[in-house]
>>> print(open('structure-v3.cif').read())   # mmCIF, C-alpha atoms and all ligand atoms
data_upload
loop_
_atom_site.label_atom_id
_atom_site.label_comp_id
_atom_site.auth_asym_id
_atom_site.auth_seq_id
_atom_site.Cartn_x
_atom_site.Cartn_y
_atom_site.Cartn_z
CA MET I 1288 154.82 -17.27 -28.56
CA ARG I 1289 157.41 -19.10 -30.71
CA LYS I 1290 156.89 -22.23 -28.60
CA LEU I 1291 153.13 -21.98 -29.20
CA LEU I 1292 153.58 -21.60 -32.95
CA LEU I 1293 155.97 -24.58 -33.11
CA GLU I 1294 153.57 -26.70 -31.07
CA SER I 1295 150.66 -25.83 -33.34
CA LEU I 1296 152.69 -27.00 -36.34
CA PHE I 1297 153.34 -30.46 -34.97
CA ARG I 1298 150.42 -31.15 -32.64
CA ALA I 1299 147.44 -33.10 -33.98
CA PRO I 1300 144.17 -31.12 -34.26
CA LEU I 1301 142.08 -31.08 -31.09
CA THR I 1302 138.81 -31.61 -32.94
CA GLU I 1303 137.22 -35.04 -32.74
CA PRO I 1304 136.88 -37.04 -35.93
CA ALA I 1305 133.45 -36.95 -37.55
CA PRO I 1306 131.27 -39.97 -36.71
CA GLU I 1307 131.05 -42.51 -39.51
CA PRO I 1308 127.52 -42.77 -40.82
CA ALA I 1309 126.27 -46.35 -41.03
CA GLU I 1310 126.26 -46.41 -44.82
CA ARG I 1311 123.96 -49.37 -45.40
CA ALA I 1312 121.42 -48.36 -42.77
CA LEU I 1313 121.41 -44.83 -44.14
CA ALA I 1314 120.95 -45.99 -47.73
CA GLU I 1315 118.06 -48.23 -46.69
CA LEU I 1316 116.41 -45.42 -44.74
CA ALA I 1317 116.74 -42.90 -47.57
CA THR I 1318 115.55 -45.40 -50.19
CA ARG I 1319 112.46 -46.20 -48.08
CA LEU I 1320 111.83 -42.49 -47.70
CA ASP I 1321 112.06 -41.92 -51.46
CA ARG I 1322 109.72 -44.88 -52.13
CA ALA I 1323 107.21 -43.58 -49.60
CA ALA I 1324 107.37 -40.15 -51.27
CA HIS I 1325 106.71 -41.72 -54.68
CA ARG I 1326 103.74 -43.63 -53.25
CA ARG I 1327 102.27 -40.50 -51.68
CA LEU I 1328 103.24 -37.88 -54.26
CA GLY I 1329 104.08 -39.79 -57.43
CA ARG I 1330 107.58 -38.24 -57.38
CA SER I 1331 110.51 -37.38 -55.14
CA LEU I 1332 110.13 -35.28 -52.02
CA SER I 1333 111.00 -31.57 -52.14
CA ILE I 1334 111.72 -29.84 -48.85
CA ARG I 1335 111.86 -26.14 -47.98
CA GLU I 1336 113.75 -25.41 -44.79
CA VAL I 1337 112.65 -22.46 -42.65
CA ASP I 1338 114.78 -21.16 -39.81
CA ALA I 1339 112.18 -19.44 -37.64
CA GLY I 1340 114.74 -18.33 -35.04
CA SER I 1341 116.97 -21.27 -34.15
CA CYS I 1342 120.50 -21.15 -32.70
CA ASN I 1343 121.63 -22.84 -35.96
CA GLY I 1344 122.41 -26.13 -34.22
CA CYS I 1345 119.45 -27.78 -35.94
CA GLU I 1346 120.50 -26.23 -39.27
CA LEU I 1347 123.94 -27.84 -38.99
CA GLU I 1348 122.31 -31.27 -38.71
CA ILE I 1349 119.88 -30.54 -41.57
CA HIS I 1350 122.72 -29.27 -43.76
CA ALA I 1351 124.62 -32.46 -42.99
CA LEU I 1352 121.96 -34.35 -44.95
CA SER I 1353 123.37 -32.70 -48.09
CA ASN I 1354 127.05 -33.12 -47.29
CA ALA I 1355 129.42 -35.68 -48.78
CA PHE I 1356 128.74 -38.20 -45.97
CA TYR I 1357 124.95 -38.33 -46.21
CA ASP I 1358 124.40 -36.91 -49.73
CA LEU I 1359 120.61 -37.21 -49.65
CA GLU I 1360 120.14 -35.96 -53.20
CA ARG I 1361 121.41 -39.26 -54.56
CA PHE I 1362 118.14 -40.75 -53.26
CA GLY I 1363 116.06 -38.07 -54.98
CA ILE I 1364 115.26 -36.02 -51.87
CA ARG I 1365 115.84 -32.36 -52.61
CA PHE I 1366 115.97 -29.10 -50.70
CA VAL I 1367 114.34 -26.34 -52.73
CA ALA I 1368 114.68 -22.57 -52.54
CA SER I 1369 111.01 -21.68 -53.00
CA PRO I 1370 108.04 -22.83 -50.93
CA ARG I 1371 106.06 -22.95 -54.19
CA HIS I 1372 108.19 -25.94 -55.22
CA ALA I 1373 107.99 -27.71 -51.85
CA ASP I 1374 105.93 -30.61 -50.51
CA MET I 1375 107.19 -30.18 -46.99
CA LEU I 1376 108.34 -27.37 -44.69
CA LEU I 1377 111.10 -28.29 -42.27
CA VAL I 1378 110.92 -25.63 -39.55
CA THR I 1379 113.56 -25.07 -36.85
CA GLY I 1380 113.81 -22.95 -33.74
CA PRO I 1381 111.34 -21.19 -31.56
CA VAL I 1382 109.29 -18.87 -33.74
CA THR I 1383 110.62 -15.40 -33.10
CA LYS I 1384 108.32 -12.42 -33.38
CA ASN I 1385 110.44 -11.22 -36.35
CA MET I 1386 109.94 -14.51 -38.19
CA ARG I 1387 106.28 -15.14 -37.40
CA GLU I 1388 104.87 -13.43 -40.49
CA ALA I 1389 107.56 -14.94 -42.74
CA LEU I 1390 106.62 -18.43 -41.52
CA GLU I 1391 102.91 -17.77 -42.06
CA ARG I 1392 103.56 -16.48 -45.57
CA THR I 1393 105.85 -19.41 -46.40
CA TYR I 1394 103.12 -21.81 -45.21
CA THR I 1395 100.50 -20.07 -47.35
CA ALA I 1396 102.80 -20.11 -50.40
CA THR I 1397 103.39 -23.87 -50.15
CA PRO I 1398 100.88 -25.75 -52.33
CA ASP I 1399 98.51 -28.35 -50.82
CA PRO I 1400 98.86 -31.12 -49.89
CA LYS I 1401 101.79 -30.19 -47.66
CA TRP I 1402 103.42 -31.33 -44.47
CA VAL I 1403 105.00 -29.25 -41.74
CA VAL I 1404 107.75 -30.93 -39.76
CA ALA I 1405 109.05 -29.08 -36.71
CA VAL I 1406 112.69 -29.96 -35.97
CA GLY I 1407 114.27 -29.67 -32.51
CA ASP I 1408 113.03 -29.20 -28.95
CA CYS I 1409 112.70 -25.43 -29.43
CA THR I 1410 109.91 -25.91 -31.95
CA VAL I 1411 107.63 -27.48 -29.33
CA ASP I 1412 107.28 -24.56 -26.91
CA GLY I 1413 110.28 -22.30 -27.47
CA GLY I 1414 112.65 -24.64 -25.58
CA LEU I 1415 115.66 -22.83 -24.15
CA PHE I 1416 114.27 -19.57 -25.45
CA ALA I 1417 110.74 -19.87 -24.03
CA GLY I 1418 109.70 -16.74 -22.23
CA SER I 1419 112.06 -14.49 -24.16
CA TYR I 1420 110.64 -11.13 -25.19
CA ALA I 1421 111.63 -12.02 -28.78
CA VAL I 1422 109.81 -15.37 -28.98
CA ALA I 1423 106.24 -15.81 -30.21
CA GLY I 1424 106.06 -19.49 -29.20
CA GLY I 1425 106.41 -22.94 -30.71
CA VAL I 1426 105.80 -23.69 -34.37
CA ALA I 1427 102.30 -25.10 -33.72
CA ASP I 1428 101.31 -21.73 -32.27
CA VAL I 1429 101.75 -20.25 -35.75
CA VAL I 1430 101.09 -22.98 -38.36
CA PRO I 1431 99.66 -26.53 -38.17
CA VAL I 1432 102.37 -29.11 -37.46
CA ASP I 1433 102.22 -32.72 -38.71
CA LEU I 1434 105.27 -34.00 -36.86
CA HIS I 1435 107.75 -32.89 -34.20
CA ILE I 1436 111.22 -34.41 -34.38
CA ARG I 1437 112.67 -33.99 -30.88
CA GLY I 1438 116.32 -33.48 -30.00
CA CYS I 1439 118.68 -30.61 -29.34
CA PRO I 1440 119.58 -30.99 -32.10
CA PRO I 1441 118.29 -34.24 -33.66
CA THR I 1442 120.90 -36.18 -35.65
CA PRO I 1443 120.62 -36.52 -39.45
CA THR I 1444 119.60 -40.18 -39.02
CA ARG I 1445 116.87 -39.19 -36.58
CA LEU I 1446 115.64 -36.61 -39.09
CA LEU I 1447 115.38 -39.26 -41.79
CA GLU I 1448 113.58 -41.66 -39.43
CA GLY I 1449 111.08 -38.92 -38.56
CA LEU I 1450 110.39 -38.03 -42.19
CA LEU I 1451 109.98 -41.69 -43.08
CA ALA I 1452 107.56 -42.28 -40.20
CA LEU I 1453 105.47 -39.33 -41.36
CA LEU I 1454 105.29 -40.42 -44.98
CA GLU I 1455 104.51 -44.02 -44.04
CA SER I 1456 101.88 -42.96 -41.48
CA GLY I 1457 99.31 -41.88 -44.07
CA ALA I 1458 99.07 -38.37 -42.55
CA SER I 1459 98.06 -35.80 -45.14
S1 LIG T 1 116.61 -27.44 -30.47
FE1 LIG T 1 118.67 -27.05 -29.67
S2 LIG T 1 119.99 -27.01 -31.50
FE2 LIG T 1 117.86 -26.76 -32.22
S3 LIG T 1 117.54 -24.53 -32.31
FE3 LIG T 1 116.87 -25.20 -30.26
S4 LIG T 1 118.68 -24.91 -28.94
FE4 LIG T 1 119.39 -24.88 -31.07
#
>>> encode(input="structure-v3.cif", output="structure tokens", more="lines below")
Ligand code: SF4
Amino acid sequence: MRKLLLESLFRAPLTEPAPEPAERALAELATRLDRAAHRRLGRSLSIREVDAGSCNGCELEIHALSNAFYDLERFGIRFVASPRHADMLLVTGPVTKNMREALERTYTATPDPKWVVAVGDCTVDGGLFAGSYAVAGGVADVVPVDLHIRGCPPTPTRLLEGLLALLESGAS
């Protein structure tokens, strides 16, 4: 035990270092996203995130957009607490039976025009959790979806690319 404690004092951590975000590419992507939001909405984009039953892997990547590395708010893109203040719903996970009504009510509470972006492979058809007694289905089985961003989970950069493609596509 003493040997283990001594080793843990002097041994380097086993965790891998965080990947360096490509700062210039990220800034360009986020700036384009903010410009596209201003063209479409006349202001910055406000996003409400809804975890409809995910394993939280997708949430970790979405939360990373607000951390000190990515810091999306500096480009004017905000996560909001209420669907009434949102332009876009970012939905993760298979939709569980427990969350189905909450997702429907969140969708109804979000003012038009609005976008629904389904994040992660689980949102397509339940993914790893398809067939579970607790799962109602993919997000499109419950509310209309404008874009799926695939991945398990998708990286923060992939999330930004997906949002940008949606806003630049002219979908309403
Ligand atoms: S797509 Fe992958 S990371 Fe995201 S909720 Fe499903 S299993 Fe988890």
>>> atom_distance(input="structure-v3.cif", atom1="CA of Arg1445 in chain I", atom2="CA of Ala1427 in chain I")
20.5 Å
>>> closest_atom_pairs(input="structure-v3.cif", of="chain I", to="ligand LIG 1 (chain T)", cutoff="7 Å", atoms="all atoms listed in the file", output="JSON lines")
{"residue": "I:Ser1341", "atom": "CA", "partner": "T:LIG1", "partner_atom": "S3", "distance": 3.8}
{"residue": "I:Cys1342", "atom": "CA", "partner": "T:LIG1", "partner_atom": "FE4", "distance": 4.2}
{"residue": "I:Asn1343", "atom": "CA", "partner": "T:LIG1", "partner_atom": "S3", "distance": 5.7}
{"residue": "I:Gly1344", "atom": "CA", "partner": "T:LIG1", "partner_atom": "S2", "distance": 3.7}
{"residue": "I:Cys1345", "atom": "CA", "partner": "T:LIG1", "partner_atom": "FE2", "distance": 4.2}
{"residue": "I:Thr1379", "atom": "CA", "partner": "T:LIG1", "partner_atom": "S3", "distance": 6.1}
{"residue": "I:Gly1380", "atom": "CA", "partner": "T:LIG1", "partner_atom": "S3", "distance": 4.3}
{"residue": "I:Pro1381", "atom": "CA", "partner": "T:LIG1", "partner_atom": "FE3", "distance": 7.0}
{"residue": "I:Gly1407", "atom": "CA", "partner": "T:LIG1", "partner_atom": "S1", "distance": 3.8}
{"residue": "I:Asp1408", "atom": "CA", "partner": "T:LIG1", "partner_atom": "S1", "distance": 4.3}
{"residue": "I:Cys1409", "atom": "CA", "partner": "T:LIG1", "partner_atom": "FE3", "distance": 4.3}
{"residue": "I:Gly1414", "atom": "CA", "partner": "T:LIG1", "partner_atom": "FE3", "distance": 6.3}
{"residue": "I:Leu1415", "atom": "CA", "partner": "T:LIG1", "partner_atom": "S4", "distance": 6.0}
{"residue": "I:Gly1438", "atom": "CA", "partner": "T:LIG1", "partner_atom": "S1", "distance": 6.1}
{"residue": "I:Cys1439", "atom": "CA", "partner": "T:LIG1", "partner_atom": "FE1", "distance": 3.6}
{"residue": "I:Pro1440", "atom": "CA", "partner": "T:LIG1", "partner_atom": "S2", "distance": 4.0}
>>> atom_distance(input="structure-v3.cif", atom1="CA of Glu1391 in chain I", atom2="CA of Thr1410 in chain I")
14.7 Å
>>> residues_around(input="structure-v3.cif", residues="Val1403 in chain I", least_positions_apart="5", cutoff="12 Å", atoms="all atoms listed in the file", output="VMD selection string")
chain I and resid 1334 to 1337 1370 1373 to 1379 1390 to 1391 1393 to 1395 1397 to 1398 1410 1426 to 1427 1429 to 1436 1449 to 1450 1453 to 1454 1458 to 1459
>>> closest_residue(input="structure-v3.cif", among="I:Leu1446, I:Ala1355, I:Leu1347, I:Ala1405", to="Glu1310 in chain I", atoms="all atoms listed in the file")
I:Ala1355
>>> atom_distance(input="structure-v3.cif", atom1="CA of Gly1413 in chain I", atom2="CA of Leu1332 in chain I")
27.8 Å
>>> closest_residue(input="structure-v3.cif", among="I:Thr1442, I:Arg1365, I:Pro1300, I:Asp1399", to="Asp1321 in chain I", atoms="all atoms listed in the file")
I:Arg1365
>>> closest_residue(input="structure-v3.cif", among="I:His1325, I:Arg1289, I:Arg1298, I:Arg1361", to="Leu1313 in chain I", atoms="all atoms listed in the file")
I:Arg1361
>>> closest_residue(input="structure-v3.cif", among="I:Leu1451, I:Ala1423, I:Ile1349, I:Ala1389", to="Arg1327 in chain I", atoms="only C-alpha atoms")
I:Leu1451
>>> closest_residue(input="structure-v3.cif", among="I:Ala1314, I:Glu1388, I:Pro1400, I:Ser1456", to="Tyr1357 in chain I", atoms="all atoms listed in the file")
I:Ala1314
>>> closest_residue(input="structure-v3.cif", among="I:Pro1443, I:Phe1362, I:Lys1290, I:Ala1421", to="Glu1315 in chain I", atoms="all atoms listed in the file")
I:Phe1362
>>> decode(input="structure-v3.cif", residues="range 1414-1431 of chain I", atoms="N, CA, C and O atoms", output="PDB file, in the first residue's frame")
ATOM      1  N   GLY I1414     -30.049   4.073 -31.806  1.00  0.00           N
ATOM      2  CA  GLY I1414     -28.643   3.639 -31.757  1.00  0.00           C
ATOM      3  C   GLY I1414     -28.437   2.408 -30.893  1.00  0.00           C
ATOM      4  O   GLY I1414     -29.155   1.406 -31.020  1.00  0.00           O
ATOM      5  N   LEU I1415     -27.463   2.516 -29.987  1.00  0.00           N
ATOM      6  CA  LEU I1415     -27.126   1.400 -29.098  1.00  0.00           C
ATOM      7  C   LEU I1415     -28.313   0.941 -28.257  1.00  0.00           C
ATOM      8  O   LEU I1415     -28.372  -0.196 -27.814  1.00  0.00           O
ATOM      9  N   PHE I1416     -29.233   1.881 -28.062  1.00  0.00           N
ATOM     10  CA  PHE I1416     -30.343   1.601 -27.137  1.00  0.00           C
ATOM     11  C   PHE I1416     -31.631   1.200 -27.854  1.00  0.00           C
ATOM     12  O   PHE I1416     -32.662   1.025 -27.217  1.00  0.00           O
ATOM     13  N   ALA I1417     -31.548   1.073 -29.188  1.00  0.00           N
ATOM     14  CA  ALA I1417     -32.754   0.704 -29.951  1.00  0.00           C
ATOM     15  C   ALA I1417     -33.282  -0.640 -29.455  1.00  0.00           C
ATOM     16  O   ALA I1417     -32.512  -1.560 -29.179  1.00  0.00           O
ATOM     17  N   GLY I1418     -34.558  -0.725 -29.339  1.00  0.00           N
ATOM     18  CA  GLY I1418     -35.176  -1.984 -28.899  1.00  0.00           C
ATOM     19  C   GLY I1418     -35.347  -2.080 -27.402  1.00  0.00           C
ATOM     20  O   GLY I1418     -36.010  -2.988 -26.911  1.00  0.00           O
ATOM     21  N   SER I1419     -34.763  -1.140 -26.663  1.00  0.00           N
ATOM     22  CA  SER I1419     -34.915  -1.186 -25.205  1.00  0.00           C
ATOM     23  C   SER I1419     -36.361  -0.889 -24.819  1.00  0.00           C
ATOM     24  O   SER I1419     -37.035  -0.092 -25.474  1.00  0.00           O
ATOM     25  N   TYR I1420     -36.805  -1.508 -23.754  1.00  0.00           N
ATOM     26  CA  TYR I1420     -38.182  -1.266 -23.278  1.00  0.00           C
ATOM     27  C   TYR I1420     -38.384   0.197 -22.901  1.00  0.00           C
ATOM     28  O   TYR I1420     -39.511   0.681 -22.836  1.00  0.00           O
ATOM     29  N   ALA I1421     -37.270   0.926 -22.626  1.00  0.00           N
ATOM     30  CA  ALA I1421     -37.389   2.306 -22.145  1.00  0.00           C
ATOM     31  C   ALA I1421     -37.360   3.334 -23.268  1.00  0.00           C
ATOM     32  O   ALA I1421     -37.528   4.524 -23.017  1.00  0.00           O
ATOM     33  N   VAL I1422     -37.115   2.881 -24.507  1.00  0.00           N
ATOM     34  CA  VAL I1422     -36.875   3.825 -25.610  1.00  0.00           C
ATOM     35  C   VAL I1422     -38.095   3.952 -26.515  1.00  0.00           C
ATOM     36  O   VAL I1422     -38.648   2.947 -26.967  1.00  0.00           O
ATOM     37  N   ALA I1423     -38.482   5.209 -26.774  1.00  0.00           N
ATOM     38  CA  ALA I1423     -39.627   5.454 -27.668  1.00  0.00           C
ATOM     39  C   ALA I1423     -39.199   5.482 -29.128  1.00  0.00           C
ATOM     40  O   ALA I1423     -40.015   5.278 -30.009  1.00  0.00           O
ATOM     41  N   GLY I1424     -37.925   5.785 -29.390  1.00  0.00           N
ATOM     42  CA  GLY I1424     -37.439   5.816 -30.779  1.00  0.00           C
ATOM     43  C   GLY I1424     -36.439   6.928 -30.989  1.00  0.00           C
ATOM     44  O   GLY I1424     -35.869   7.468 -30.030  1.00  0.00           O
ATOM     45  N   GLY I1425     -36.230   7.289 -32.262  1.00  0.00           N
ATOM     46  CA  GLY I1425     -35.339   8.396 -32.582  1.00  0.00           C
ATOM     47  C   GLY I1425     -36.054   9.723 -32.382  1.00  0.00           C
ATOM     48  O   GLY I1425     -37.271   9.755 -32.140  1.00  0.00           O
ATOM     49  N   VAL I1426     -35.312  10.811 -32.523  1.00  0.00           N
ATOM     50  CA  VAL I1426     -35.911  12.129 -32.280  1.00  0.00           C
ATOM     51  C   VAL I1426     -36.999  12.435 -33.308  1.00  0.00           C
ATOM     52  O   VAL I1426     -38.047  12.982 -32.977  1.00  0.00           O
ATOM     53  N   ALA I1427     -36.769  12.036 -34.579  1.00  0.00           N
ATOM     54  CA  ALA I1427     -37.747  12.330 -35.630  1.00  0.00           C
ATOM     55  C   ALA I1427     -39.061  11.584 -35.433  1.00  0.00           C
ATOM     56  O   ALA I1427     -40.062  11.913 -36.054  1.00  0.00           O
ATOM     57  N   ASP I1428     -39.066  10.578 -34.564  1.00  0.00           N
ATOM     58  CA  ASP I1428     -40.324   9.893 -34.254  1.00  0.00           C
ATOM     59  C   ASP I1428     -41.205  10.740 -33.341  1.00  0.00           C
ATOM     60  O   ASP I1428     -42.381  10.422 -33.143  1.00  0.00           O
ATOM     61  N   VAL I1429     -40.612  11.777 -32.758  1.00  0.00           N
ATOM     62  CA  VAL I1429     -41.354  12.578 -31.771  1.00  0.00           C
ATOM     63  C   VAL I1429     -41.564  14.022 -32.239  1.00  0.00           C
ATOM     64  O   VAL I1429     -42.661  14.562 -32.113  1.00  0.00           O
ATOM     65  N   VAL I1430     -40.514  14.650 -32.774  1.00  0.00           N
ATOM     66  CA  VAL I1430     -40.639  16.029 -33.278  1.00  0.00           C
ATOM     67  C   VAL I1430     -39.936  16.113 -34.637  1.00  0.00           C
ATOM     68  O   VAL I1430     -39.058  15.296 -34.931  1.00  0.00           O
ATOM     69  N   PRO I1431     -40.317  17.101 -35.483  1.00  0.00           N
ATOM     70  CA  PRO I1431     -39.645  17.227 -36.783  1.00  0.00           C
ATOM     71  C   PRO I1431     -38.177  17.605 -36.611  1.00  0.00           C
ATOM     72  O   PRO I1431     -37.861  18.462 -35.785  1.00  0.00           O
TER      73      PRO I1431
END
